[in-house]
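Participant: Below is the file run.cif, with mmCIF, C-alpha atoms and all ligand atoms.
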```cif
data_model
loop_
_atom_site.label_atom_id
_atom_site.label_comp_id
_atom_site.auth_asym_id
_atom_site.auth_seq_id
_atom_site.Cartn_x
_atom_site.Cartn_y
_atom_site.Cartn_z
CA MET A 1 -94.26 -40.71 -21.06
CA PRO A 2 -96.92 -43.43 -20.91
CA ASP A 3 -95.52 -46.91 -21.31
CA ARG A 4 -97.35 -47.54 -24.56
CA VAL A 5 -95.30 -44.90 -26.46
CA VAL A 6 -91.88 -46.54 -26.21
CA GLY A 7 -90.58 -49.80 -24.82
CA PRO A 8 -89.67 -49.91 -21.10
CA GLU A 9 -85.96 -50.07 -21.97
CA ILE A 10 -86.02 -46.59 -23.53
CA GLU A 11 -88.25 -45.32 -20.74
CA ARG A 12 -85.68 -46.51 -18.21
CA LEU A 13 -82.81 -44.88 -20.12
CA ILE A 14 -84.69 -41.57 -20.05
CA GLN A 15 -85.40 -41.89 -16.32
CA LEU A 16 -81.74 -42.50 -15.53
CA LEU A 17 -80.50 -39.73 -17.84
CA ALA A 18 -82.86 -37.35 -15.99
CA ARG A 19 -80.73 -37.89 -12.89
CA LEU A 20 -77.59 -36.44 -14.45
CA PRO A 21 -76.64 -33.01 -13.09
CA GLY A 22 -78.39 -30.19 -14.91
CA TYR A 23 -80.82 -32.61 -16.57
CA GLY A 24 -84.56 -33.03 -16.08
CA PRO A 25 -87.24 -35.02 -17.90
CA ARG A 26 -87.14 -32.77 -20.96
CA SER A 27 -83.38 -32.74 -21.47
CA ALA A 28 -83.25 -36.46 -20.68
CA ARG A 29 -85.63 -37.13 -23.56
CA ARG A 30 -83.51 -34.95 -25.84
CA ALA A 31 -80.40 -36.81 -24.72
CA ALA A 32 -82.03 -40.20 -25.29
CA LEU A 33 -83.02 -39.20 -28.82
CA HIS A 34 -79.53 -37.88 -29.46
CA LEU A 35 -77.98 -41.12 -28.18
CA MET A 36 -80.31 -43.23 -30.31
CA ARG A 37 -79.38 -41.21 -33.38
CA LYS A 38 -75.66 -41.54 -32.58
CA ARG A 39 -75.77 -45.19 -31.68
CA GLU A 40 -72.30 -46.16 -32.86
CA GLU A 41 -70.50 -42.85 -32.32
CA LEU A 42 -71.81 -41.98 -28.86
CA LEU A 43 -74.27 -44.39 -27.22
CA SER A 44 -72.06 -47.45 -27.55
CA PRO A 45 -68.74 -45.80 -26.52
CA LEU A 46 -70.44 -44.00 -23.63
CA ALA A 47 -71.97 -47.23 -22.34
CA ASP A 48 -68.51 -48.82 -22.53
CA ALA A 49 -66.78 -45.87 -20.84
CA MET A 50 -69.30 -45.99 -17.99
CA ARG A 51 -68.85 -49.71 -17.61
CA VAL A 52 -65.06 -49.34 -17.51
CA ALA A 53 -65.28 -46.43 -15.08
CA LYS A 54 -67.66 -48.40 -12.89
CA GLU A 55 -65.27 -51.35 -12.78
CA ARG A 56 -62.03 -49.46 -12.34
CA ILE A 57 -62.56 -46.34 -10.28
CA VAL A 58 -61.15 -46.53 -6.79
CA THR A 59 -60.62 -44.13 -3.96
CA CYS A 60 -56.92 -43.27 -3.61
CA GLU A 61 -55.65 -44.82 -0.39
CA SER A 62 -53.30 -41.89 0.07
CA CYS A 63 -55.25 -38.70 -0.74
CA GLY A 64 -58.89 -39.80 -0.96
CA SER A 65 -59.33 -38.68 -4.59
CA VAL A 66 -60.93 -40.94 -7.20
CA ASP A 67 -59.02 -42.41 -10.08
CA THR A 68 -58.59 -45.70 -11.87
CA ARG A 69 -55.52 -46.49 -9.79
CA SER A 70 -54.44 -46.22 -6.17
CA PRO A 71 -52.20 -44.41 -5.43
CA CYS A 72 -53.89 -42.05 -7.90
CA SER A 73 -52.20 -40.42 -10.90
CA ILE A 74 -51.18 -37.45 -8.77
CA CYS A 75 -50.01 -39.30 -5.65
CA GLY A 76 -48.08 -41.69 -7.90
CA ASP A 77 -46.36 -38.88 -9.81
CA ASN A 78 -42.80 -38.56 -8.51
CA ARG A 79 -42.33 -35.17 -10.14
CA ARG A 80 -44.79 -33.72 -7.63
CA ASP A 81 -43.31 -31.69 -4.76
CA ALA A 82 -43.64 -33.87 -1.68
CA ALA A 83 -43.20 -30.86 0.56
CA GLN A 84 -46.50 -29.25 -0.47
CA LEU A 85 -49.91 -30.63 0.45
CA VAL A 86 -53.13 -28.90 -0.58
CA ILE A 87 -56.29 -29.72 1.38
CA VAL A 88 -59.55 -29.63 -0.56
CA GLU A 89 -63.14 -30.54 0.23
CA THR A 90 -63.96 -32.50 -2.91
CA VAL A 91 -62.43 -34.15 -5.97
CA GLY A 92 -64.11 -31.42 -8.03
CA ASP A 93 -62.09 -28.79 -6.15
CA LEU A 94 -58.93 -30.81 -6.78
CA TRP A 95 -59.70 -30.90 -10.52
CA ALA A 96 -60.38 -27.14 -10.52
CA LEU A 97 -56.98 -26.42 -8.93
CA GLU A 98 -55.26 -28.78 -11.39
CA ARG A 99 -56.82 -26.92 -14.29
CA ALA A 100 -55.42 -23.70 -12.85
CA GLY A 101 -52.03 -25.45 -12.94
CA VAL A 102 -50.73 -23.72 -9.81
CA VAL A 103 -50.20 -26.61 -7.42
CA LYS A 104 -46.73 -28.19 -7.49
CA GLY A 105 -47.44 -30.60 -4.67
CA ARG A 106 -50.11 -33.16 -3.93
CA TYR A 107 -53.61 -33.03 -2.49
CA HIS A 108 -55.64 -34.36 0.37
CA VAL A 109 -59.39 -34.70 -0.20
CA LEU A 110 -61.44 -34.31 2.99
CA GLY A 111 -64.68 -35.45 1.38
CA GLY A 112 -66.67 -32.53 2.80
CA THR A 113 -66.57 -30.08 5.66
CA LEU A 114 -67.36 -30.29 9.32
CA SER A 115 -70.99 -29.37 9.68
CA PRO A 116 -72.47 -29.83 13.18
CA LEU A 117 -75.93 -28.87 11.91
CA ASP A 118 -75.85 -31.63 9.28
CA GLY A 119 -74.30 -34.11 11.70
CA VAL A 120 -70.93 -34.20 9.94
CA GLY A 121 -68.18 -34.61 12.51
CA PRO A 122 -64.40 -35.18 12.29
CA ALA A 123 -64.85 -38.96 11.99
CA ASP A 124 -66.86 -38.46 8.78
CA LEU A 125 -63.98 -36.73 7.00
CA ASN A 126 -60.67 -38.05 5.70
CA LEU A 127 -58.79 -36.44 8.62
CA GLN A 128 -56.96 -39.35 10.21
CA GLY A 129 -55.28 -40.05 6.89
CA LEU A 130 -54.16 -36.43 6.78
CA VAL A 131 -52.44 -36.60 10.15
CA THR A 132 -50.75 -39.84 9.16
CA ARG A 133 -49.50 -38.33 5.91
CA VAL A 134 -48.17 -35.17 7.48
CA ALA A 135 -46.59 -37.11 10.36
CA GLU A 136 -44.49 -39.02 7.81
CA GLY A 137 -42.34 -35.89 7.73
CA GLU A 138 -41.95 -35.00 4.05
CA VAL A 139 -44.67 -32.34 3.99
CA ARG A 140 -43.44 -28.86 4.90
CA GLU A 141 -46.44 -26.75 3.97
CA VAL A 142 -50.14 -27.53 4.15
CA ILE A 143 -52.28 -25.19 2.05
CA ILE A 144 -55.91 -25.24 3.17
CA ALA A 145 -58.00 -24.71 0.04
CA VAL A 146 -61.50 -25.26 1.36
CA ASN A 147 -64.48 -23.15 0.31
CA ALA A 148 -64.83 -19.71 1.89
CA THR A 149 -68.05 -20.78 3.60
CA VAL A 150 -68.78 -20.91 7.33
CA ASP A 151 -68.42 -24.71 7.38
CA GLY A 152 -65.28 -24.46 5.25
CA GLN A 153 -63.68 -22.02 7.66
CA THR A 154 -64.70 -24.09 10.70
CA THR A 155 -63.01 -27.04 9.03
CA ALA A 156 -59.92 -24.96 8.24
CA HIS A 157 -59.57 -24.02 11.90
CA TYR A 158 -60.04 -27.60 12.99
CA VAL A 159 -57.38 -28.84 10.57
CA THR A 160 -54.99 -26.10 11.65
CA ASP A 161 -55.36 -27.10 15.32
CA MET A 162 -54.97 -30.75 14.41
CA LEU A 163 -51.69 -30.14 12.62
CA ALA A 164 -50.31 -27.64 15.14
CA HIS A 165 -48.01 -30.12 16.90
CA LEU A 166 -46.55 -31.52 13.66
CA GLY A 167 -44.34 -28.53 12.85
CA VAL A 168 -45.66 -27.83 9.34
CA ARG A 169 -46.44 -24.43 7.93
CA VAL A 170 -50.22 -24.08 7.47
CA THR A 171 -51.48 -21.50 4.97
CA ARG A 172 -54.78 -20.80 3.26
CA LEU A 173 -55.99 -19.25 0.02
CA ALA A 174 -56.05 -15.46 -0.18
CA HIS A 175 -59.36 -13.64 -0.17
CA GLY A 176 -59.84 -10.91 -2.76
CA VAL A 177 -61.52 -9.72 -5.89
CA PRO A 178 -61.99 -12.52 -8.45
CA VAL A 179 -60.15 -11.88 -11.72
CA GLY A 180 -62.65 -10.15 -13.98
CA GLY A 181 -64.94 -9.54 -11.01
CA GLU A 182 -66.80 -6.25 -10.62
CA LEU A 183 -66.52 -4.54 -7.25
CA ASP A 184 -70.16 -3.56 -7.41
CA TYR A 185 -71.23 -7.17 -7.12
CA LEU A 186 -68.92 -8.24 -4.31
CA ASP A 187 -69.91 -8.47 -0.69
CA GLU A 188 -68.36 -6.23 1.95
CA GLY A 189 -66.33 -9.04 3.51
CA THR A 190 -64.57 -9.78 0.22
CA LEU A 191 -63.91 -6.09 -0.40
CA ALA A 192 -62.55 -5.60 3.12
CA ALA A 193 -60.25 -8.61 2.65
CA ALA A 194 -59.11 -7.32 -0.73
CA ILE A 195 -58.19 -3.96 0.79
CA ARG A 196 -56.42 -5.55 3.76
CA SER A 197 -54.37 -7.85 1.53
CA ARG A 198 -53.65 -5.20 -1.14
CA THR A 199 -50.40 -5.58 -3.03
CA ALA A 200 -47.95 -3.08 -4.52
CA PHE A 201 -48.79 -1.94 -8.05
CA MET B 1 -57.55 -31.85 -18.07
CA PRO B 2 -53.96 -33.02 -18.52
CA ASP B 3 -53.59 -36.75 -18.62
CA ARG B 4 -51.53 -36.90 -15.44
CA VAL B 5 -54.47 -35.76 -13.25
CA VAL B 6 -56.76 -38.75 -13.77
CA GLY B 7 -56.46 -42.05 -15.57
CA PRO B 8 -57.32 -42.13 -19.29
CA GLU B 9 -60.53 -44.08 -18.56
CA ILE B 10 -62.01 -41.18 -16.58
CA GLU B 11 -60.71 -38.69 -19.13
CA ARG B 12 -62.53 -40.61 -21.86
CA LEU B 13 -65.75 -40.73 -19.84
CA ILE B 14 -65.61 -36.95 -19.45
CA GLN B 15 -64.96 -36.43 -23.16
CA LEU B 16 -67.96 -38.56 -24.12
CA LEU B 17 -70.26 -36.97 -21.54
CA ALA B 18 -69.32 -33.58 -23.00
CA ARG B 19 -71.05 -34.64 -26.22
CA LEU B 20 -74.45 -35.00 -24.57
CA PRO B 21 -76.91 -32.24 -25.53
CA GLY B 22 -76.59 -29.19 -23.31
CA TYR B 23 -73.30 -30.41 -21.91
CA GLY B 24 -69.79 -29.02 -22.33
CA PRO B 25 -66.43 -29.76 -20.72
CA ARG B 26 -67.45 -28.19 -17.40
CA SER B 27 -70.79 -29.95 -16.99
CA ALA B 28 -69.23 -33.18 -18.24
CA ARG B 29 -66.71 -33.04 -15.38
CA ARG B 30 -69.52 -32.37 -12.92
CA ALA B 31 -71.47 -35.30 -14.34
CA ALA B 32 -68.43 -37.60 -14.15
CA LEU B 33 -67.91 -36.70 -10.50
CA HIS B 34 -71.61 -37.22 -9.81
CA LEU B 35 -71.53 -40.63 -11.52
CA MET B 36 -68.42 -41.67 -9.60
CA ARG B 37 -70.07 -40.71 -6.33
CA LYS B 38 -73.25 -42.60 -7.28
CA ARG B 39 -71.50 -45.65 -8.62
CA GLU B 40 -74.10 -48.24 -7.65
CA GLU B 41 -77.23 -46.09 -7.84
CA LEU B 42 -76.58 -44.31 -11.13
CA LEU B 43 -73.34 -45.10 -12.98
CA SER B 44 -73.89 -48.84 -13.10
CA PRO B 45 -77.62 -48.79 -14.03
CA LEU B 46 -77.03 -46.06 -16.61
CA ALA B 47 -74.23 -48.05 -18.24
CA ASP B 48 -76.56 -51.07 -18.34
CA ALA B 49 -79.49 -49.06 -19.71
CA MET B 50 -77.30 -47.67 -22.48
CA ARG B 51 -75.99 -51.10 -23.33
CA VAL B 52 -79.54 -52.50 -23.51
CA ALA B 53 -80.75 -49.55 -25.56
CA LYS B 54 -77.80 -49.93 -27.90
CA GLU B 55 -78.55 -53.60 -28.44
CA ARG B 56 -82.31 -53.36 -28.76
CA ILE B 57 -83.32 -50.12 -30.40
CA VAL B 58 -84.57 -50.50 -33.92
CA THR B 59 -86.24 -48.28 -36.47
CA CYS B 60 -89.93 -49.19 -36.84
CA GLU B 61 -90.41 -50.73 -40.27
CA SER B 62 -93.85 -49.17 -40.46
CA CYS B 63 -93.57 -45.57 -39.18
CA GLY B 64 -89.81 -44.88 -38.98
CA SER B 65 -89.84 -44.15 -35.23
CA VAL B 66 -87.33 -45.73 -32.85
CA ASP B 67 -88.28 -48.26 -30.23
CA THR B 68 -87.10 -51.59 -28.86
CA ARG B 69 -89.53 -53.43 -31.13
CA SER B 70 -90.71 -53.23 -34.74
CA PRO B 71 -93.55 -52.57 -35.35
CA CYS B 72 -93.08 -50.03 -32.54
CA SER B 73 -95.24 -49.75 -29.42
CA ILE B 74 -97.58 -47.35 -31.23
CA CYS B 75 -97.83 -49.14 -34.59
CA GLY B 76 -98.39 -52.40 -32.72
CA ASP B 77 -101.16 -50.96 -30.54
CA ASN B 78 -104.49 -52.12 -31.95
CA ARG B 79 -106.43 -49.56 -29.92
CA ARG B 80 -104.99 -46.84 -32.16
CA ASP B 81 -107.29 -45.38 -34.80
CA ALA B 82 -106.08 -46.78 -38.12
CA ALA B 83 -107.91 -44.03 -40.00
CA GLN B 84 -105.69 -41.23 -38.66
CA LEU B 85 -102.03 -40.78 -39.60
CA VAL B 86 -99.95 -37.90 -38.25
CA ILE B 87 -96.83 -36.93 -40.17
CA VAL B 88 -93.93 -35.59 -38.11
CA GLU B 89 -90.35 -34.65 -38.87
CA THR B 90 -88.65 -36.39 -35.96
CA VAL B 91 -89.16 -38.92 -33.19
CA GLY B 92 -88.88 -36.01 -30.75
CA ASP B 93 -91.92 -34.39 -32.37
CA LEU B 94 -93.80 -37.71 -32.11
CA TRP B 95 -93.00 -37.90 -28.39
CA ALA B 96 -94.12 -34.28 -27.90
CA LEU B 97 -97.50 -35.01 -29.52
CA GLU B 98 -97.88 -38.16 -27.43
CA ARG B 99 -97.30 -36.17 -24.26
CA ALA B 100 -100.07 -33.81 -25.37
CA GLY B 101 -102.27 -36.89 -25.62
CA VAL B 102 -104.29 -35.59 -28.56
CA VAL B 103 -103.46 -38.08 -31.30
CA LYS B 104 -105.80 -41.07 -31.53
CA GLY B 105 -104.13 -42.52 -34.60
CA ARG B 106 -100.60 -43.45 -35.56
CA TYR B 107 -97.59 -41.55 -36.84
CA HIS B 108 -95.23 -41.44 -39.77
CA VAL B 109 -91.75 -40.08 -39.09
CA LEU B 110 -90.17 -38.40 -42.12
CA GLY B 111 -86.73 -38.10 -40.57
CA GLY B 112 -86.33 -34.44 -41.52
CA THR B 113 -87.62 -31.97 -44.05
CA LEU B 114 -86.91 -31.34 -47.69
CA SER B 115 -84.12 -28.82 -47.81
CA PRO B 116 -82.69 -28.11 -51.27
CA LEU B 117 -80.04 -25.82 -49.79
CA ASP B 118 -78.76 -28.61 -47.52
CA GLY B 119 -79.06 -31.19 -50.28
CA VAL B 120 -81.96 -33.05 -48.66
CA GLY B 121 -84.28 -34.37 -51.37
CA PRO B 122 -87.36 -36.64 -51.35
CA ALA B 123 -85.21 -39.79 -51.51
CA ASP B 124 -83.58 -38.83 -48.20
CA LEU B 125 -86.90 -38.85 -46.33
CA ASN B 126 -89.20 -41.69 -45.32
CA LEU B 127 -91.67 -40.79 -48.09
CA GLN B 128 -91.98 -44.00 -50.10
CA GLY B 129 -93.08 -45.80 -46.94
CA LEU B 130 -95.74 -43.13 -46.44
CA VAL B 131 -97.27 -43.66 -49.88
CA THR B 132 -97.26 -47.43 -49.34
CA ARG B 133 -98.98 -47.04 -45.99
CA VAL B 134 -101.66 -44.68 -47.21
CA ALA B 135 -102.24 -46.77 -50.37
CA GLU B 136 -103.17 -49.73 -48.15
CA GLY B 137 -106.51 -47.96 -47.76
CA GLU B 138 -107.18 -47.82 -44.02
CA VAL B 139 -105.99 -44.24 -43.54
CA ARG B 140 -108.72 -41.65 -44.07
CA GLU B 141 -106.99 -38.50 -42.76
CA VAL B 142 -103.35 -37.48 -42.90
CA ILE B 143 -102.48 -34.70 -40.44
CA ILE B 144 -99.27 -32.94 -41.42
CA ALA B 145 -97.59 -31.90 -38.16
CA VAL B 146 -94.24 -30.61 -39.41
CA ASN B 147 -92.55 -27.52 -38.00
CA ALA B 148 -93.86 -24.13 -39.14
CA THR B 149 -90.55 -23.37 -40.83
CA VAL B 150 -89.92 -22.69 -44.52
CA ASP B 151 -88.51 -26.19 -45.05
CA GLY B 152 -91.35 -27.67 -43.04
CA GLN B 153 -93.94 -25.95 -45.19
CA THR B 154 -92.14 -26.94 -48.41
CA THR B 155 -92.27 -30.52 -47.19
CA ALA B 156 -95.95 -30.19 -46.27
CA HIS B 157 -96.78 -29.07 -49.83
CA TYR B 158 -94.71 -31.88 -51.32
CA VAL B 159 -96.46 -34.48 -49.16
CA THR B 160 -99.87 -33.05 -49.99
CA ASP B 161 -99.16 -33.30 -53.73
CA MET B 162 -97.80 -36.81 -53.31
CA LEU B 163 -100.97 -38.00 -51.56
CA ALA B 164 -103.41 -36.13 -53.83
CA HIS B 165 -104.32 -39.15 -55.96
CA LEU B 166 -104.90 -41.43 -52.95
CA GLY B 167 -108.22 -39.92 -51.88
CA VAL B 168 -107.31 -39.15 -48.26
CA ARG B 169 -108.13 -35.96 -46.42
CA VAL B 170 -104.94 -33.98 -45.78
CA THR B 171 -104.96 -31.45 -42.92
CA ARG B 172 -102.33 -29.51 -41.03
CA LEU B 173 -101.89 -28.00 -37.58
CA ALA B 174 -103.57 -24.69 -36.91
CA HIS B 175 -101.48 -21.56 -36.58
CA GLY B 176 -102.27 -19.27 -33.69
CA VAL B 177 -101.25 -17.83 -30.36
CA PRO B 178 -99.50 -20.41 -28.15
CA VAL B 179 -101.36 -21.10 -24.90
CA GLY B 180 -99.89 -18.70 -22.36
CA GLY B 181 -98.20 -16.73 -25.13
CA GLU B 182 -98.05 -12.94 -25.04
CA LEU B 183 -99.16 -11.15 -28.18
CA ASP B 184 -96.39 -8.63 -27.73
CA TYR B 185 -93.77 -11.26 -28.45
CA LEU B 186 -95.39 -12.92 -31.46
CA ASP B 187 -94.50 -12.20 -35.06
CA GLU B 188 -96.97 -10.62 -37.45
CA GLY B 189 -97.50 -13.85 -39.42
CA THR B 190 -98.65 -15.70 -36.31
CA LEU B 191 -100.93 -12.87 -35.26
CA ALA B 192 -102.45 -12.62 -38.75
CA ALA B 193 -103.10 -16.38 -38.76
CA ALA B 194 -104.63 -16.20 -35.28
CA ILE B 195 -107.03 -13.48 -36.42
CA ARG B 196 -107.92 -15.31 -39.64
CA SER B 197 -108.63 -18.56 -37.77
CA ARG B 198 -110.46 -16.89 -34.87
CA THR B 199 -113.12 -18.96 -33.15
CA ALA B 200 -116.42 -18.08 -31.46
CA PHE B 201 -116.14 -17.12 -27.78
ZN ZN C 1 -54.03 -39.77 -4.41
ZN ZN C 2 -94.06 -47.56 -35.74
#
```
Now that the file is in, can you turn its structure into structure tokens?
Facilitator:
Amino acid sequence: MPDRVVGPEIERLIQLLARLPGYGPRSARRAALHLMRKREELLSPLADAMRVAKERIVTCESCGSVDTRSPCSICGDNRRDAAQLVIVETVGDLWALERAGVVKGRYHVLGGTLSPLDGVGPADLNLQGLVTRVAEGEVREVIIAVNATVDGQTTAHYVTDMLAHLGVRVTRLAHGVPVGGELDYLDEGTLAAAIRSRTAF
Amino acid sequence: MPDRVVGPEIERLIQLLARLPGYGPRSARRAALHLMRKREELLSPLADAMRVAKERIVTCESCGSVDTRSPCSICGDNRRDAAQLVIVETVGDLWALERAGVVKGRYHVLGGTLSPLDGVGPADLNLQGLVTRVAEGEVREVIIAVNATVDGQTTAHYVTDMLAHLGVRVTRLAHGVPVGGELDYLDEGTLAAAIRSRTAF
């Protein structure tokens, strides 16, 4: 919008909102209008929440996740099973697994995958911390929960090799048909894996 | 997400982000992760921009729009044609017309439409200010640019009656086929209006 329509402060708010995921110029304008209408109920608390988040979020020194404390809420939770460690690529993957409520243990966030083409090597991932953690001796099983992509699988193999001498069991997520998924839409590799790993009815 | 996964500060940020237009719990989590990754480039400036907007936005005493000054950037712009006043329902509509770049004059933001069913009467809209403005004598044409809805048209008639004794020309937006619109998808009312208001080729 030309500068003469609104003050530069609103213009700047719109420009920054447009950089939120899923937003563009149009939705950013809608969001700015919404925020200006809900000044006390939304704009003000959201500005505060962002400020607080900005000041307090830290990377967990143990697992590499983000939280407002380090060790993070999960690493610091003594009810977690210290014998189980789940390796994920991103904090988003960690949150997804937590929502599924299936992990009893803790996590280790790699921060990405090995990707020679993009110049991402072992030193760019949170791998040294992983070896240190596993070498401490409490972990009995490492579950590799990286994405089922080429880079994810390359990373899974690398991690497996790296942990080989530490005497832990290394497992990975099963391949198969997503719950609710239609066979018609699945690729051959997934279908082949689902047949191979079939279970008794 | 259960409280034990992340600190309450991040949980609160996610809950507030979920109230942005077009967002829900899932996109709010994505946005929170994005903001935490872009702490310096996005989270911090966005928090600041919201804080500034919160402190500075005001309703224009003249037109009812929102800006960081009153009179707003448009009302305060002397290059605007004082003879033309465009009536819109919302600030979003004002911005849309500004992007089209077709309005030489100024605006008057009603803040909604008359809606007996929803209990919105004349006193709930910015109508008294409109009469005052037009009565000052500079305005020669009032263009009613409300939505082509039932409530919008009710409001248009009400405004027309209200201004009748003030000797200004009252016009409204043309109905017709949207640019790029396919006839197949348009309702009969629009098509009939487009035929009635046909122009020479
Ligand atoms: Zn942690
Ligand atoms: Zn104004």
Participant: Counting only C-alpha atoms and all ligand atoms, figure out which residue out of B:Asn78, B:Arg106, B:Leu33, B:Arg19 gets nearest to ligand ZN 2 (chain C).
Facilitator: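 With only C-alpha atoms and all ligand atoms as the atom set, the closest residue is B:Arg106.
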Participant: Set out as JSON lines a contact list for chain A and ligand ZN 1 (chain C) with a cut-off of 7 Å, giving each residue of chain A that qualifies its closest atom pair and distance in Å to one decimal, counting all atoms listed in the file, ordered by chain and rising residue number.
Facilitator:
```
{"residue": "A:Cys60", "atom": "CA", "partner": "C:ZN1", "partner_atom": "ZN", "distance": 4.6}
{"residue": "A:Glu61", "atom": "CA", "partner": "C:ZN1", "partner_atom": "ZN", "distance": 6.7}
{"residue": "A:Ser62", "atom": "CA", "partner": "C:ZN1", "partner_atom": "ZN", "distance": 5.0}
{"residue": "A:Cys63", "atom": "CA", "partner": "C:ZN1", "partner_atom": "ZN", "distance": 4.0}
{"residue": "A:Gly64", "atom": "CA", "partner": "C:ZN1", "partner_atom": "ZN", "distance": 6.0}
{"residue": "A:Ser65", "atom": "CA", "partner": "C:ZN1", "partner_atom": "ZN", "distance": 5.4}
{"residue": "A:Ser70", "atom": "CA", "partner": "C:ZN1", "partner_atom": "ZN", "distance": 6.7}
{"residue": "A:Pro71", "atom": "CA", "partner": "C:ZN1", "partner_atom": "ZN", "distance": 5.1}
{"residue": "A:Cys72", "atom": "CA", "partner": "C:ZN1", "partner_atom": "ZN", "distance": 4.2}
{"residue": "A:Ser73", "atom": "CA", "partner": "C:ZN1", "partner_atom": "ZN", "distance": 6.8}
{"residue": "A:Ile74", "atom": "CA", "partner": "C:ZN1", "partner_atom": "ZN", "distance": 5.7}
{"residue": "A:Cys75", "atom": "CA", "partner": "C:ZN1", "partner_atom": "ZN", "distance": 4.2}
```
Participant: Suppose we keep C-alpha atoms; can you now write the selection as a PDB file, in the frame of the given file?
Facilitator:
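Produced file again-v7.pdb, reproduced below:
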```pdb
ATOM      1  CA  CYS A  60     -56.920 -43.270  -3.610  1.00  0.00           C
ATOM      2  CA  GLU A  61     -55.650 -44.820  -0.390  1.00  0.00           C
ATOM      3  CA  SER A  62     -53.300 -41.890   0.070  1.00  0.00           C
ATOM      4  CA  CYS A  63     -55.250 -38.700  -0.740  1.00  0.00           C
ATOM      5  CA  GLY A  64     -58.890 -39.800  -0.960  1.00  0.00           C
ATOM      6  CA  SER A  65     -59.330 -38.680  -4.590  1.00  0.00           C
ATOM      7  CA  SER A  70     -54.440 -46.220  -6.170  1.00  0.00           C
ATOM      8  CA  PRO A  71     -52.200 -44.410  -5.430  1.00  0.00           C
ATOM      9  CA  CYS A  72     -53.890 -42.050  -7.900  1.00  0.00           C
ATOM     10  CA  SER A  73     -52.200 -40.420 -10.900  1.00  0.00           C
ATOM     11  CA  ILE A  74     -51.180 -37.450  -8.770  1.00  0.00           C
ATOM     12  CA  CYS A  75     -50.010 -39.300  -5.650  1.00  0.00           C
TER      13      CYS A  75
END
```
Participant: Provide the atom CA of B:Gly152 to atom CA of B:Thr113 distance in Å, to one decimal place.
Facilitator: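 These atoms are spaced 5.8 Å apart.
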Participant: Pick the closest to chain B from A:His165, A:Arg99, A:Arg79, A:Arg26: which is it, counting all atoms listed in the file?
Facilitator: A:Arg99
Participant: What is the distance between atom CA of B:Ala164 and atom CA of B:Val131, in Å to one decimal?
Facilitator: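 Between these atoms lies a distance of 10.5 Å.
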Participant: May I ask for the distance between atom CA of B:Asn147 and atom CA of B:Gly119, given in Å to one decimal place?
Facilitator: 18.6 Å
Participant: For each of A:Val5, A:Leu114, A:Leu46, A:Ala192, take the minimum atom-to-atom distance to ligand ZN 2 (chain C), counting only C-alpha atoms and all ligand atoms, then give the residue where this is smallest.
Facilitator: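 Under the stated criterion, the closest residue is A:Val5.
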Participant: Residues of chain B within 8 Å of chain A, counting only C-alpha atoms - could you list those as a VMD selection string?
Facilitator: chain B and resid 1 to 2 4 to 7 9 to 10 12 to 13 16 to 17 19 to 22 27 29 to 31 33 to 36 39 42 to 54 57 66 to 69 72 to 74 77 91 to 92 95 98 to 99
Participant: Please write the residues from the selection above to a file, keeping C-alpha atoms, as a tab-separated table (two decimals), in the coordinates of the input.
Facilitator:
```tsv
chain	number	residue	atom	x	y	z
B	1	MET	CA	-57.55	-31.85	-18.07
B	2	PRO	CA	-53.96	-33.02	-18.52
B	4	ARG	CA	-51.53	-36.90	-15.44
B	5	VAL	CA	-54.47	-35.76	-13.25
B	6	VAL	CA	-56.76	-38.75	-13.77
B	7	GLY	CA	-56.46	-42.05	-15.57
B	9	GLU	CA	-60.53	-44.08	-18.56
B	10	ILE	CA	-62.01	-41.18	-16.58
B	12	ARG	CA	-62.53	-40.61	-21.86
B	13	LEU	CA	-65.75	-40.73	-19.84
B	16	LEU	CA	-67.96	-38.56	-24.12
B	17	LEU	CA	-70.26	-36.97	-21.54
B	19	ARG	CA	-71.05	-34.64	-26.22
B	20	LEU	CA	-74.45	-35.00	-24.57
B	21	PRO	CA	-76.91	-32.24	-25.53
B	22	GLY	CA	-76.59	-29.19	-23.31
B	27	SER	CA	-70.79	-29.95	-16.99
B	29	ARG	CA	-66.71	-33.04	-15.38
B	30	ARG	CA	-69.52	-32.37	-12.92
B	31	ALA	CA	-71.47	-35.30	-14.34
B	33	LEU	CA	-67.91	-36.70	-10.50
B	34	HIS	CA	-71.61	-37.22	-9.81
B	35	LEU	CA	-71.53	-40.63	-11.52
B	36	MET	CA	-68.42	-41.67	-9.60
B	39	ARG	CA	-71.50	-45.65	-8.62
B	42	LEU	CA	-76.58	-44.31	-11.13
B	43	LEU	CA	-73.34	-45.10	-12.98
B	44	SER	CA	-73.89	-48.84	-13.10
B	45	PRO	CA	-77.62	-48.79	-14.03
B	46	LEU	CA	-77.03	-46.06	-16.61
B	47	ALA	CA	-74.23	-48.05	-18.24
B	48	ASP	CA	-76.56	-51.07	-18.34
B	49	ALA	CA	-79.49	-49.06	-19.71
B	50	MET	CA	-77.30	-47.67	-22.48
B	51	ARG	CA	-75.99	-51.10	-23.33
B	52	VAL	CA	-79.54	-52.50	-23.51
B	53	ALA	CA	-80.75	-49.55	-25.56
B	54	LYS	CA	-77.80	-49.93	-27.90
B	57	ILE	CA	-83.32	-50.12	-30.40
B	66	VAL	CA	-87.33	-45.73	-32.85
B	67	ASP	CA	-88.28	-48.26	-30.23
B	68	THR	CA	-87.10	-51.59	-28.86
B	69	ARG	CA	-89.53	-53.43	-31.13
B	72	CYS	CA	-93.08	-50.03	-32.54
B	73	SER	CA	-95.24	-49.75	-29.42
B	74	ILE	CA	-97.58	-47.35	-31.23
B	77	ASP	CA	-101.16	-50.96	-30.54
B	91	VAL	CA	-89.16	-38.92	-33.19
B	92	GLY	CA	-88.88	-36.01	-30.75
B	95	TRP	CA	-93.00	-37.90	-28.39
B	98	GLU	CA	-97.88	-38.16	-27.43
B	99	ARG	CA	-97.30	-36.17	-24.26
```
